[in-house]
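Student: Okay, so here is target_0.csv, and as you'll see once you scroll down, it has CSV, C-alpha atoms and all ligand atoms.
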chain,number,residue,atom,x,y,z
A,1,MET,CA,22.8,-55.5,1.1
A,2,THR,CA,20.0,-54.3,-1.2
A,3,THR,CA,17.5,-56.9,-2.4
A,4,SER,CA,15.7,-56.3,-5.8
A,5,SER,CA,12.5,-55.5,-4.0
A,6,GLU,CA,14.2,-52.7,-2.0
A,7,ALA,CA,16.0,-51.3,-5.0
A,8,SER,CA,14.7,-47.8,-6.1
A,9,PRO,CA,12.4,-47.8,-9.1
A,10,PRO,CA,14.0,-47.1,-12.5
A,11,ARG,CA,14.4,-43.4,-13.2
A,12,THR,CA,15.3,-43.4,-16.8
A,13,LEU,CA,15.0,-45.7,-19.8
A,14,ALA,CA,18.6,-46.7,-19.3
A,15,ASP,CA,17.7,-48.2,-15.9
A,16,LEU,CA,15.0,-50.5,-17.3
A,17,VAL,CA,15.5,-54.3,-17.5
A,18,THR,CA,14.8,-55.2,-21.1
A,19,PRO,CA,12.7,-56.2,-22.9
A,20,ALA,CA,10.3,-53.6,-21.5
A,21,LEU,CA,7.1,-52.1,-22.8
A,22,VAL,CA,7.2,-48.3,-22.8
A,23,VAL,CA,4.5,-45.8,-23.3
A,24,ASP,CA,5.4,-42.2,-24.3
A,25,VAL,CA,3.0,-40.2,-22.2
A,26,PRO,CA,3.0,-36.9,-24.1
A,27,ALA,CA,2.3,-38.8,-27.4
A,28,LEU,CA,-0.4,-40.9,-25.7
A,29,ASP,CA,-2.1,-37.7,-24.3
A,30,ARG,CA,-1.9,-36.1,-27.8
A,31,ASN,CA,-3.7,-39.0,-29.4
A,32,ILE,CA,-6.3,-39.1,-26.6
A,33,ALA,CA,-6.9,-35.3,-27.0
A,34,THR,CA,-7.1,-35.5,-30.8
A,35,MET,CA,-9.8,-38.2,-30.6
A,36,ALA,CA,-11.7,-36.4,-27.8
A,37,ARG,CA,-11.7,-33.2,-29.9
A,38,PHE,CA,-13.2,-35.0,-32.9
A,39,PHE,CA,-16.2,-36.2,-30.8
A,40,ALA,CA,-16.6,-33.1,-28.7
A,41,GLU,CA,-19.1,-31.6,-31.2
A,42,GLY,CA,-21.3,-34.7,-31.2
A,43,PRO,CA,-23.9,-36.0,-31.7
A,44,CYS,CA,-21.9,-39.2,-32.0
A,45,ARG,CA,-19.8,-39.9,-28.9
A,46,LEU,CA,-16.7,-42.0,-28.2
A,47,ARG,CA,-16.6,-45.2,-26.2
A,48,PRO,CA,-12.8,-46.0,-26.1
A,49,HIS,CA,-12.0,-49.7,-26.4
A,50,VAL,CA,-10.0,-51.0,-23.5
A,51,LYS,CA,-8.8,-54.1,-25.4
A,52,ALA,CA,-5.9,-52.2,-27.1
A,53,HIS,CA,-4.2,-51.4,-23.8
A,54,LYS,CA,-6.0,-53.4,-21.0
A,55,THR,CA,-4.7,-50.7,-18.6
A,56,PRO,CA,-6.9,-48.8,-16.1
A,57,ALA,CA,-4.3,-45.9,-16.0
A,58,ILE,CA,-4.8,-45.3,-19.8
A,59,ALA,CA,-8.6,-45.7,-19.6
A,60,LYS,CA,-8.7,-43.1,-16.9
A,61,ARG,CA,-6.9,-40.6,-19.2
A,62,GLN,CA,-9.3,-41.4,-22.0
A,63,LEU,CA,-12.3,-40.7,-19.8
A,64,ALA,CA,-10.7,-37.5,-18.4
A,65,ALA,CA,-10.2,-36.1,-21.9
A,66,GLY,CA,-14.0,-36.0,-22.4
A,67,SER,CA,-16.4,-36.8,-25.2
A,68,CYS,CA,-16.9,-40.3,-23.8
A,69,VAL,CA,-20.1,-42.1,-23.0
A,70,GLY,CA,-18.2,-44.8,-21.2
A,71,LEU,CA,-15.8,-47.6,-22.1
A,72,THR,CA,-15.8,-50.6,-24.4
A,73,CYS,CA,-14.4,-53.9,-23.4
A,74,ALA,CA,-13.8,-57.2,-25.2
A,75,THR,CA,-13.9,-59.5,-22.2
A,76,VAL,CA,-15.6,-59.7,-18.8
A,77,ALA,CA,-12.1,-59.5,-17.2
A,78,GLU,CA,-11.5,-56.2,-19.0
A,79,ALA,CA,-14.8,-54.9,-17.7
A,80,GLU,CA,-14.0,-55.9,-14.2
A,81,ALA,CA,-10.6,-54.2,-14.5
A,82,VAL,CA,-12.1,-50.8,-15.3
A,83,ALA,CA,-15.4,-51.1,-13.4
A,84,SER,CA,-14.2,-48.5,-10.8
A,85,LEU,CA,-13.5,-45.9,-13.5
A,86,THR,CA,-16.9,-45.5,-15.2
A,87,ASP,CA,-20.6,-46.2,-14.6
A,88,ASP,CA,-21.2,-47.3,-18.2
A,89,ILE,CA,-19.5,-50.3,-19.8
A,90,LEU,CA,-20.2,-52.1,-23.1
A,91,ILE,CA,-18.8,-55.6,-23.6
A,92,ALA,CA,-18.7,-55.5,-27.4
A,93,ASN,CA,-18.5,-59.2,-27.7
A,94,GLU,CA,-20.4,-62.4,-27.2
A,95,VAL,CA,-20.2,-63.7,-23.6
A,96,ILE,CA,-21.0,-67.4,-23.3
A,97,GLY,CA,-20.9,-69.7,-20.3
A,98,GLU,CA,-22.5,-69.7,-16.7
A,99,PRO,CA,-19.5,-68.3,-14.8
A,100,LYS,CA,-19.1,-65.4,-17.2
A,101,TRP,CA,-22.8,-64.7,-17.3
A,102,ALA,CA,-22.8,-64.6,-13.5
A,103,ARG,CA,-19.9,-62.1,-13.6
A,104,VAL,CA,-21.7,-59.9,-16.1
A,105,ALA,CA,-24.8,-59.9,-13.8
A,106,ALA,CA,-22.6,-58.9,-10.8
A,107,LEU,CA,-21.2,-56.0,-12.9
A,108,ALA,CA,-24.7,-55.0,-13.9
A,109,ARG,CA,-25.6,-54.6,-10.3
A,110,ARG,CA,-22.8,-52.1,-9.9
A,111,LEU,CA,-23.1,-50.1,-13.1
A,112,ARG,CA,-24.8,-49.7,-16.4
A,113,LEU,CA,-23.5,-52.8,-18.1
A,114,THR,CA,-24.4,-53.6,-21.7
A,115,THR,CA,-23.3,-56.6,-23.7
A,116,ALA,CA,-23.5,-57.9,-27.3
A,117,VAL,CA,-25.5,-61.0,-28.2
A,118,ASP,CA,-26.0,-62.8,-31.5
A,119,SER,CA,-27.8,-66.0,-30.3
A,120,ARG,CA,-30.8,-67.3,-28.4
A,121,ARG,CA,-28.4,-69.3,-26.2
A,122,GLY,CA,-26.6,-66.0,-25.3
A,123,VAL,CA,-29.8,-64.2,-24.6
A,124,GLU,CA,-31.2,-67.0,-22.4
A,125,GLY,CA,-28.0,-67.4,-20.4
A,126,LEU,CA,-27.8,-63.7,-19.7
A,127,ALA,CA,-31.4,-63.6,-18.7
A,128,ALA,CA,-31.0,-66.6,-16.3
A,129,ALA,CA,-28.0,-65.0,-14.7
A,130,ALA,CA,-29.7,-61.6,-14.4
A,131,GLN,CA,-32.7,-63.3,-12.7
A,132,ALA,CA,-30.5,-65.1,-10.2
A,133,ALA,CA,-28.6,-62.0,-9.3
A,134,GLY,CA,-31.5,-59.7,-9.2
A,135,ALA,CA,-29.9,-57.6,-11.9
A,136,ARG,CA,-31.0,-56.0,-15.2
A,137,ILE,CA,-28.5,-56.5,-18.0
A,138,GLY,CA,-28.4,-54.2,-21.1
A,139,VAL,CA,-28.1,-55.9,-24.5
A,140,LEU,CA,-27.2,-54.9,-28.0
A,141,VAL,CA,-28.0,-57.1,-30.9
A,142,ASP,CA,-24.6,-57.7,-32.6
A,143,LEU,CA,-24.8,-57.5,-36.4
A,144,ASP,CA,-22.3,-58.9,-39.0
A,145,VAL,CA,-21.9,-55.8,-41.1
A,146,GLY,CA,-19.3,-57.4,-43.4
A,147,GLN,CA,-16.5,-58.6,-41.2
A,148,GLY,CA,-17.6,-62.2,-41.2
A,149,ARG,CA,-17.0,-62.7,-37.5
A,150,CYS,CA,-19.8,-62.8,-34.9
A,151,GLY,CA,-23.2,-61.2,-35.4
A,152,VAL,CA,-26.6,-62.0,-36.9
A,153,ARG,CA,-27.5,-60.8,-40.3
A,154,PRO,CA,-28.8,-57.2,-40.5
A,155,GLY,CA,-32.6,-57.0,-41.1
A,156,GLU,CA,-35.1,-59.7,-40.2
A,157,GLN,CA,-32.7,-61.9,-38.3
A,158,ALA,CA,-31.7,-59.1,-36.0
A,159,LEU,CA,-35.3,-58.1,-35.5
A,160,SER,CA,-36.2,-61.6,-34.4
A,161,LEU,CA,-33.4,-61.7,-31.8
A,162,ALA,CA,-34.4,-58.2,-30.6
A,163,ARG,CA,-38.0,-59.4,-30.2
A,164,LEU,CA,-36.8,-62.2,-28.0
A,165,ILE,CA,-34.8,-59.8,-25.8
A,166,GLY,CA,-37.7,-57.5,-25.6
A,167,GLU,CA,-39.9,-60.3,-24.1
A,168,LEU,CA,-37.5,-60.8,-21.1
A,169,PRO,CA,-38.0,-58.2,-18.4
A,170,VAL,CA,-34.5,-58.9,-16.8
A,171,LEU,CA,-32.8,-57.8,-20.0
A,172,GLU,CA,-33.0,-54.3,-21.5
A,173,LEU,CA,-32.7,-54.0,-25.2
A,174,ARG,CA,-30.5,-51.0,-25.7
A,175,GLY,CA,-29.9,-51.2,-29.5
A,176,VAL,CA,-27.5,-52.6,-32.1
A,177,MET,CA,-23.8,-52.8,-32.7
A,178,GLY,CA,-21.9,-53.7,-35.9
A,179,TYR,CA,-18.1,-53.6,-35.9
A,180,GLU,CA,-16.8,-52.9,-39.4
A,181,GLY,CA,-13.5,-54.6,-38.6
A,182,HIS,CA,-12.8,-55.6,-42.2
A,183,VAL,CA,-12.7,-51.9,-43.2
A,184,GLN,CA,-10.2,-50.6,-40.5
A,185,PRO,CA,-7.0,-51.5,-42.3
A,186,VAL,CA,-8.0,-50.4,-45.8
A,187,ARG,CA,-5.2,-48.0,-46.9
A,188,GLU,CA,-7.0,-46.0,-49.6
A,189,ARG,CA,-9.3,-43.4,-48.0
A,190,GLY,CA,-12.0,-43.5,-50.8
A,191,ALA,CA,-12.3,-47.3,-50.6
A,192,ARG,CA,-12.4,-47.1,-46.7
A,193,GLU,CA,-15.1,-44.5,-46.8
A,194,ALA,CA,-17.3,-46.5,-49.3
A,195,SER,CA,-17.0,-49.7,-47.4
A,196,ALA,CA,-17.6,-48.1,-44.0
A,197,ARG,CA,-20.7,-46.3,-45.3
A,198,GLU,CA,-22.1,-49.6,-46.7
A,199,SER,CA,-21.6,-51.3,-43.3
A,200,MET,CA,-23.1,-48.4,-41.4
A,201,LYS,CA,-26.1,-48.3,-43.8
A,202,ALA,CA,-26.9,-52.0,-42.8
A,203,LEU,CA,-26.5,-51.1,-39.1
A,204,VAL,CA,-28.6,-47.9,-39.2
A,205,ASP,CA,-31.3,-49.4,-41.4
A,206,THR,CA,-31.6,-52.3,-38.9
A,207,ALA,CA,-31.9,-49.8,-36.0
A,208,GLY,CA,-34.8,-48.3,-38.0
A,209,LEU,CA,-36.4,-51.7,-38.5
A,210,LEU,CA,-36.4,-52.3,-34.7
A,211,ARG,CA,-37.8,-48.9,-34.0
A,212,GLY,CA,-40.5,-49.4,-36.6
A,213,ALA,CA,-41.5,-52.6,-34.8
A,214,GLY,CA,-41.9,-50.7,-31.6
A,215,LEU,CA,-38.6,-51.8,-30.0
A,216,ALA,CA,-36.1,-49.6,-28.2
A,217,CYS,CA,-32.9,-48.8,-30.0
A,218,PRO,CA,-31.2,-45.9,-28.4
A,219,ILE,CA,-27.6,-47.2,-29.0
A,220,VAL,CA,-26.1,-47.7,-32.5
A,221,SER,CA,-22.5,-48.6,-31.7
A,222,ALA,CA,-19.7,-49.2,-34.3
A,223,GLY,CA,-16.3,-48.1,-35.5
A,224,GLY,CA,-12.6,-48.3,-34.8
A,225,THR,CA,-9.5,-46.3,-35.4
A,226,GLY,CA,-9.6,-46.6,-39.2
A,227,THR,CA,-13.2,-45.5,-39.5
A,228,TYR,CA,-13.9,-43.2,-36.5
A,229,ASP,CA,-14.2,-40.1,-38.7
A,230,ILE,CA,-16.4,-41.9,-41.3
A,231,SER,CA,-18.7,-44.0,-39.2
A,232,GLY,CA,-18.7,-41.4,-36.5
A,233,ARG,CA,-20.3,-38.9,-38.9
A,234,VAL,CA,-23.0,-41.2,-40.3
A,235,PRO,CA,-26.4,-40.0,-39.1
A,236,GLY,CA,-27.9,-42.5,-36.7
A,237,VAL,CA,-24.6,-43.9,-35.4
A,238,THR,CA,-24.5,-42.9,-31.7
A,239,GLU,CA,-21.0,-44.1,-30.5
A,240,ILE,CA,-17.6,-45.2,-31.8
A,241,GLN,CA,-15.6,-48.0,-30.2
A,242,ALA,CA,-12.1,-47.0,-31.3
A,243,GLY,CA,-9.2,-48.4,-29.3
A,244,SER,CA,-5.9,-48.5,-31.2
A,245,TYR,CA,-5.7,-44.7,-31.7
A,246,ALA,CA,-4.3,-44.3,-28.2
A,247,LEU,CA,-1.0,-46.2,-28.7
A,248,MET,CA,-0.8,-46.7,-32.5
A,249,ASP,CA,1.1,-49.6,-34.1
A,250,THR,CA,3.0,-49.5,-37.3
A,251,ASP,CA,0.1,-51.2,-39.2
A,252,TYR,CA,-2.3,-48.4,-38.3
A,253,GLY,CA,0.6,-46.0,-39.1
A,254,GLU,CA,0.0,-46.9,-42.8
A,255,VAL,CA,-3.7,-46.2,-42.7
A,256,GLY,CA,-3.3,-42.4,-42.6
A,257,VAL,CA,-5.1,-41.5,-39.4
A,258,PRO,CA,-3.9,-38.4,-37.4
A,259,PHE,CA,-2.4,-40.3,-34.4
A,260,VAL,CA,1.3,-40.7,-33.5
A,261,PRO,CA,3.2,-43.8,-32.3
A,262,ALA,CA,3.0,-43.7,-28.5
A,263,PHE,CA,4.5,-47.0,-27.4
A,264,PHE,CA,7.5,-49.2,-28.1
A,265,VAL,CA,9.4,-52.2,-26.8
A,266,LEU,CA,12.8,-51.4,-25.5
A,267,GLY,CA,15.5,-53.9,-26.2
A,268,THR,CA,19.2,-54.3,-25.7
A,269,VAL,CA,21.9,-55.3,-28.2
A,270,VAL,CA,23.2,-58.6,-26.9
A,271,SER,CA,25.3,-59.6,-29.9
A,272,ARG,CA,26.9,-58.2,-33.1
A,273,PRO,CA,28.0,-61.4,-34.8
A,274,ALA,CA,28.8,-59.6,-38.1
A,275,LEU,CA,29.4,-56.0,-39.0
A,276,ASP,CA,26.0,-55.9,-40.8
A,277,ARG,CA,24.0,-57.7,-38.0
A,278,ILE,CA,23.0,-57.0,-34.5
A,279,VAL,CA,20.8,-59.2,-32.3
A,280,LEU,CA,18.4,-57.8,-29.7
A,281,ASP,CA,16.9,-59.5,-26.6
A,282,CYS,CA,13.4,-59.1,-28.0
A,283,GLY,CA,11.4,-61.8,-29.8
A,284,HIS,CA,8.0,-63.4,-29.9
A,285,LYS,CA,7.8,-63.1,-26.1
A,286,SER,CA,7.9,-59.3,-26.2
A,287,ALA,CA,6.3,-58.3,-29.5
A,288,THR,CA,4.0,-60.0,-32.0
A,289,LYS,CA,4.6,-60.0,-35.7
A,290,ASP,CA,1.2,-61.0,-36.9
A,291,HIS,CA,1.0,-57.7,-38.8
A,292,GLY,CA,4.7,-57.8,-39.8
A,293,HIS,CA,8.1,-57.4,-38.1
A,294,PRO,CA,8.5,-54.6,-35.6
A,295,VAL,CA,10.2,-51.5,-37.0
A,296,VAL,CA,13.5,-50.3,-35.6
A,297,GLU,CA,13.4,-46.7,-34.5
A,298,GLY,CA,16.4,-44.3,-34.3
A,299,VAL,CA,19.0,-46.5,-36.0
A,300,ALA,CA,19.5,-45.4,-39.7
A,301,GLY,CA,19.1,-48.3,-42.2
A,302,ALA,CA,18.3,-50.9,-39.5
A,303,ARG,CA,15.7,-53.5,-40.3
A,304,VAL,CA,14.4,-56.6,-38.4
A,305,THR,CA,15.1,-59.6,-40.6
A,306,ALA,CA,14.4,-62.5,-38.3
A,307,PHE,CA,12.4,-62.9,-35.1
A,308,ASN,CA,12.7,-65.8,-32.7
A,309,ASP,CA,11.4,-66.4,-29.2
A,310,GLU,CA,14.0,-64.3,-27.4
A,311,HIS,CA,15.9,-62.7,-30.3
A,312,ALA,CA,15.4,-60.2,-33.0
A,313,ALA,CA,18.1,-60.2,-35.8
A,314,VAL,CA,18.5,-56.8,-37.2
A,315,THR,CA,20.4,-55.9,-40.3
A,316,VAL,CA,22.4,-52.7,-40.0
A,317,PRO,CA,24.8,-50.8,-42.3
A,318,PRO,CA,28.3,-52.0,-41.6
A,319,GLU,CA,29.4,-48.5,-40.6
A,320,CYS,CA,26.7,-48.3,-38.0
A,321,PRO,CA,28.4,-47.4,-34.6
A,322,ILE,CA,25.9,-49.4,-32.5
A,323,ALA,CA,27.5,-51.7,-29.9
A,324,ILE,CA,26.7,-54.6,-27.6
A,325,GLY,CA,24.8,-53.2,-24.5
A,326,ASP,CA,23.2,-50.3,-26.4
A,327,ARG,CA,19.4,-49.8,-26.2
A,328,VAL,CA,17.1,-50.1,-29.2
A,329,ARG,CA,13.4,-49.2,-29.7
A,330,LEU,CA,11.1,-51.5,-31.6
A,331,ARG,CA,7.8,-50.2,-32.8
A,332,PRO,CA,5.4,-53.2,-32.9
A,333,SER,CA,3.1,-53.9,-35.8
A,334,HIS,CA,0.1,-54.8,-33.7
A,335,THR,CA,-0.8,-53.2,-30.4
A,336,ASP,CA,-3.3,-55.5,-28.6
A,337,PRO,CA,-1.4,-58.8,-28.7
A,338,THR,CA,1.9,-57.1,-28.0
A,339,VAL,CA,0.6,-55.3,-24.9
A,340,ASN,CA,-0.9,-58.6,-23.8
A,341,LEU,CA,2.6,-60.1,-23.4
A,342,HIS,CA,3.7,-57.6,-20.8
A,343,ASP,CA,2.9,-57.0,-17.1
A,344,VAL,CA,3.4,-53.3,-17.0
A,345,PHE,CA,3.9,-50.2,-19.1
A,346,TYR,CA,6.8,-48.0,-18.1
A,347,ALA,CA,5.3,-44.5,-18.6
A,348,VAL,CA,8.0,-42.1,-19.8
A,349,GLU,CA,8.3,-38.4,-20.7
A,350,GLY,CA,11.4,-38.2,-22.8
A,351,ASP,CA,13.9,-40.5,-21.2
A,352,ARG,CA,12.5,-40.1,-17.7
A,353,VAL,CA,10.3,-42.9,-16.3
A,354,VAL,CA,7.5,-41.1,-14.5
A,355,ASP,CA,5.3,-44.0,-13.6
A,356,VAL,CA,4.7,-47.8,-13.9
A,357,TRP,CA,1.2,-48.8,-15.1
A,358,PRO,CA,0.0,-52.4,-14.5
A,359,ILE,CA,-1.6,-54.0,-17.5
A,360,VAL,CA,-4.3,-55.3,-15.2
A,361,ALA,CA,-6.5,-57.2,-17.8
A,362,ARG,CA,-3.6,-58.8,-19.7
A,363,GLY,CA,-3.8,-62.6,-20.2
A,364,TYR,CA,-6.6,-64.3,-18.4
A,365,PRO,CA,-6.8,-62.7,-15.0
A,366,GLU,CA,-9.4,-65.2,-13.8
A,367,HIS,CA,-6.8,-67.9,-13.9
A,368,ARG,CA,-4.3,-65.8,-11.9
A,369,GLN,CA,-7.0,-65.2,-9.3
A,370,GLY,CA,-7.7,-69.0,-9.1
A,371,SER,CA,-11.4,-68.7,-10.1
A,372,LEU,CA,-13.0,-71.3,-12.4
B,1,LIG,C1,-15.8,-55.1,-31.6
B,1,LIG,C2,-14.7,-54.1,-31.7
B,1,LIG,N1,-14.9,-52.8,-31.7
B,1,LIG,C3,-13.9,-51.9,-31.8
B,1,LIG,C4,-12.6,-52.3,-31.9
B,1,LIG,C5,-11.5,-51.3,-31.9
B,1,LIG,O1,-10.9,-51.1,-33.1
B,1,LIG,P1,-9.5,-50.4,-33.3
B,1,LIG,O2,-8.5,-51.1,-32.5
B,1,LIG,O3,-9.3,-50.5,-34.7
B,1,LIG,O4,-9.6,-49.0,-32.8
B,1,LIG,C6,-12.3,-53.7,-32.1
B,1,LIG,C7,-10.9,-54.1,-32.3
B,1,LIG,O5,-10.6,-55.2,-32.6
B,1,LIG,C8,-13.4,-54.6,-31.9
B,1,LIG,O6,-13.1,-55.9,-32.0
Any chance you could put this one into structure tokens?

Tutor:
Amino acid sequence: MTTSSEASPPRTLADLVTPALVVDVPALDRNIATMARFFAEGPCRLRPHVKAHKTPAIAKRQLAAGSCVGLTCATVAEAEAVASLTDDILIANEVIGEPKWARVAALARRLRLTTAVDSRRGVEGLAAAAQAAGARIGVLVDLDVGQGRCGVRPGEQALSLARLIGELPVLELRGVMGYEGHVQPVRERGAREASARESMKALVDTAGLLRGAGLACPIVSAGGTGTYDISGRVPGVTEIQAGSYALMDTDYGEVGVPFVPAFFVLGTVVSRPALDRIVLDCGHKSATKDHGHPVVEGVAGARVTAFNDEHAAVTVPPECPIAIGDRVRLRPSHTDPTVNLHDVFYAVEGDRVVDVWPIVARGYPEHRQGSL
């Protein structure tokens, strides 16, 4: 008798248990190469954001393609998951709380670790953890360049936080960052350019203010998939933190960037209750719809009309020959939270499954590991 653990791994898409998250390796590599080519001429470099895929196997390919100064992460757990792949990681986010500060300090002992701060509390917590661990932690002052999320105000407020960092020998002020997240989805190119330039002006001007005050500011970090070729050509911006370009969701597909869809959720038709409706075994537990319903690929005239926990209702033309048991591909509208629902990517070339890539930093790995 064969148990499931002894069964041979899936060889083709048809062998996969659904719902399954699938990455199209040639498309992924094409996206990675396109982005690496753009940054090859410099002076601005790429620091791919891990948050989109949370997968060391993909980060490895991004680094191997070149033009990278290191990796960007959103969380300490992401940084830990890719720490063996690079000696330069930016946590482009505020890290707060003793256990996380201690983990940042531990990482800083292994590699060049930089993290964003926007508060005195954040600076002092990092400094105490660095002191206790005998580490030196790199810091970027995080500016709100228009997104209205984290970040101090550009100008004097940023300078005052930078001065505080500069007074603490266990921290190393490495510059400023400002993520123009509000600009990324702007569809119209002219409007996107104008808005990104305005954000980058605030960022670069603040970098100048710090330097004028005698403070170090070698890093000016910004950007995403929607603005990489705008912010990445603004003089003074040194690196771009784009992430979504590797996998591409349908929302970014509307923005007009030169990257192709490289992942999908594979589902199975479990019911055809009416001639004009099929139901798939994919729902909120396999794809998010915060940026809209997933798009059905390869079935003419098919459209997701309702989404439940375990079901997607799809309207199809009555003459559509699709049957119960058939496989259907759904293109998600938002990469990061969809990937976060899955344990692994099935890596395919055509229909052939060539590898299985663990999504190591999905969820909250520290809870799986039992740490506090
Ligand atoms: C701080 C920061 N930088 C960069 C990115 C990457 O942007 P994108 O996924 O648009 O490439 C994000 C995404 O949310 C982000 O939060």

Student: Just the residues within 8 Å of Val170 in chain A, please, counting all atoms listed in the file, with nothing from its chain fewer than 3 positions along; format it as an MDAnalysis selection string.

Tutor: chainID A and resid 127 130:131 135:137

Student: Within 8 Å of (-23.0, -56.5, -26.1), in the coordinates the file gives, what residues turn up when you count only C-alpha atoms, written out as a PyMOL selection string?

Tutor: chain A and resi 90-94+114-117+138-142+177

Student: With C-alpha atoms retained, could you export that selection as a PDB file, keeping the file's coordinate frame?

Tutor:
ATOM      1  CA  LEU A  90     -20.200 -52.100 -23.100  1.00  0.00           C
ATOM      2  CA  ILE A  91     -18.800 -55.600 -23.600  1.00  0.00           C
ATOM      3  CA  ALA A  92     -18.700 -55.500 -27.400  1.00  0.00           C
ATOM      4  CA  ASN A  93     -18.500 -59.200 -27.700  1.00  0.00           C
ATOM      5  CA  GLU A  94     -20.400 -62.400 -27.200  1.00  0.00           C
ATOM      6  CA  THR A 114     -24.400 -53.600 -21.700  1.00  0.00           C
ATOM      7  CA  THR A 115     -23.300 -56.600 -23.700  1.00  0.00           C
ATOM      8  CA  ALA A 116     -23.500 -57.900 -27.300  1.00  0.00           C
ATOM      9  CA  VAL A 117     -25.500 -61.000 -28.200  1.00  0.00           C
ATOM     10  CA  GLY A 138     -28.400 -54.200 -21.100  1.00  0.00           C
ATOM     11  CA  VAL A 139     -28.100 -55.900 -24.500  1.00  0.00           C
ATOM     12  CA  LEU A 140     -27.200 -54.900 -28.000  1.00  0.00           C
ATOM     13  CA  VAL A 141     -28.000 -57.100 -30.900  1.00  0.00           C
ATOM     14  CA  ASP A 142     -24.600 -57.700 -32.600  1.00  0.00           C
ATOM     15  CA  MET A 177     -23.800 -52.800 -32.700  1.00  0.00           C
TER      16      MET A 177
END

Student: Quote the spacing between CA of Gln369 in chain A and CA of Ala79 in chain A in Å to one decimal place.

Tutor: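 We find that CA of Gln369 in chain A and CA of Ala79 in chain A lie 15.4 Å from each other.
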
Student: Per residue of chain A within 9 Å of ligand LIG 1 (chain B), note the shortest atom pair and the distance in Å to one decimal, counting all atoms listed in the file, and order the rows by chain and increasing residue number, as CSV.

Tutor:
residue,atom,partner,partner_atom,distance
A:Pro48,CA,B:LIG1,C5,8.0
A:His49,CA,B:LIG1,C5,5.7
A:Val50,CA,B:LIG1,C5,8.5
A:Lys51,CA,B:LIG1,C7,7.2
A:Ala52,CA,B:LIG1,O2,6.1
A:Thr72,CA,B:LIG1,N1,7.7
A:Cys73,CA,B:LIG1,C2,8.3
A:Ala74,CA,B:LIG1,O6,7.0
A:Ile91,CA,B:LIG1,C1,8.6
A:Ala92,CA,B:LIG1,C1,5.1
A:Asn93,CA,B:LIG1,C1,6.3
A:Met177,CA,B:LIG1,C1,8.4
A:Gly178,CA,B:LIG1,C1,7.6
A:Tyr179,CA,B:LIG1,C1,5.1
A:Glu180,CA,B:LIG1,N1,7.9
A:Gly181,CA,B:LIG1,C6,6.7
A:Gln184,CA,B:LIG1,O3,5.9
A:Pro185,CA,B:LIG1,O3,8.0
A:Ser221,CA,B:LIG1,N1,8.7
A:Ala222,CA,B:LIG1,N1,6.5
A:Gly223,CA,B:LIG1,C3,5.8
A:Gly224,CA,B:LIG1,O4,3.7
A:Thr225,CA,B:LIG1,O4,3.7
A:Gly226,CA,B:LIG1,O3,6.0
A:Thr227,CA,B:LIG1,O3,8.0
A:Tyr228,CA,B:LIG1,O4,8.1
A:Ile240,CA,B:LIG1,C3,7.7
A:Gln241,CA,B:LIG1,C3,4.5
A:Ala242,CA,B:LIG1,O4,3.5
A:Gly243,CA,B:LIG1,O4,3.6
A:Ser244,CA,B:LIG1,O2,3.9
A:Tyr245,CA,B:LIG1,O4,5.9
A:Ala246,CA,B:LIG1,O4,8.4
A:Met248,CA,B:LIG1,O2,8.9
A:Tyr252,CA,B:LIG1,O3,8.1
A:Thr335,CA,B:LIG1,O2,8.3
A:Asp336,CA,B:LIG1,O2,7.8

Student: Identify, on the basis of only C-alpha atoms, every residue whose closest approach to Gly292 in chain A does not exceed 12 Å; exclude the query and any residue fewer than 4 positions from it along the same chain; express the result as a count of residues only.

Tutor: 17

Student: Restricting the calculation to all atoms listed in the file: of A:Ile359, A:Val220, A:Ala132, A:Ile58, which residue gets closest to His342 in chain A?

Tutor: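 Smallest separation from His342 in chain A among the options: A:Ile359.
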
Student: Expressed in Å to a single decimal, how great is the separation between CA of Gly214 in chain A and CA of Ala162 in chain A?

Tutor: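 Here the two named atoms are 10.7 Å from each other.
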
Student: In Å, how far is it from CA of Asn308 in chain A to CA of Arg187 in chain A?

Tutor: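 Between CA of Asn308 in chain A and CA of Arg187 in chain A the gap is 29.0 Å.
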
Student: Set the distance at 9 Å and use only C-alpha atoms: which residues neighbour range 31-47 of chain A once local chain neighbours fewer than 2 positions away are removed? I'd like the list as a PyMOL selection string.

Tutor: chain A and resi 26-29+49+61-63+65-72+89-90+221+228-229+232-243+245-248+258-262

Student: Could you check which of A:Ala77, A:Leu21, A:Val82, A:Leu16 is closest to Arg362 in chain A, using all atoms listed in the file?

Tutor: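 Comparing A:Ala77, A:Leu21, A:Val82, A:Leu16 against Arg362 in chain A, the winner is A:Ala77.
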
Student: Ranking A:Glu193, A:Glu188, A:Asp205, A:Asp15 by minimum distance to Gly155 in chain A and counting all atoms listed in the file, which one comes first?

Tutor: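 For Gly155 in chain A, the nearest of the given residues is A:Asp205.
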
Student: My list of candidates is A:Val344, A:Val186, A:Gln157, A:Ala191. Which is closest to Leu209 in chain A when distances are computed with only C-alpha atoms?

Tutor: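 That would be A:Gln157, the residue with the smallest distance to Leu209 in chain A.
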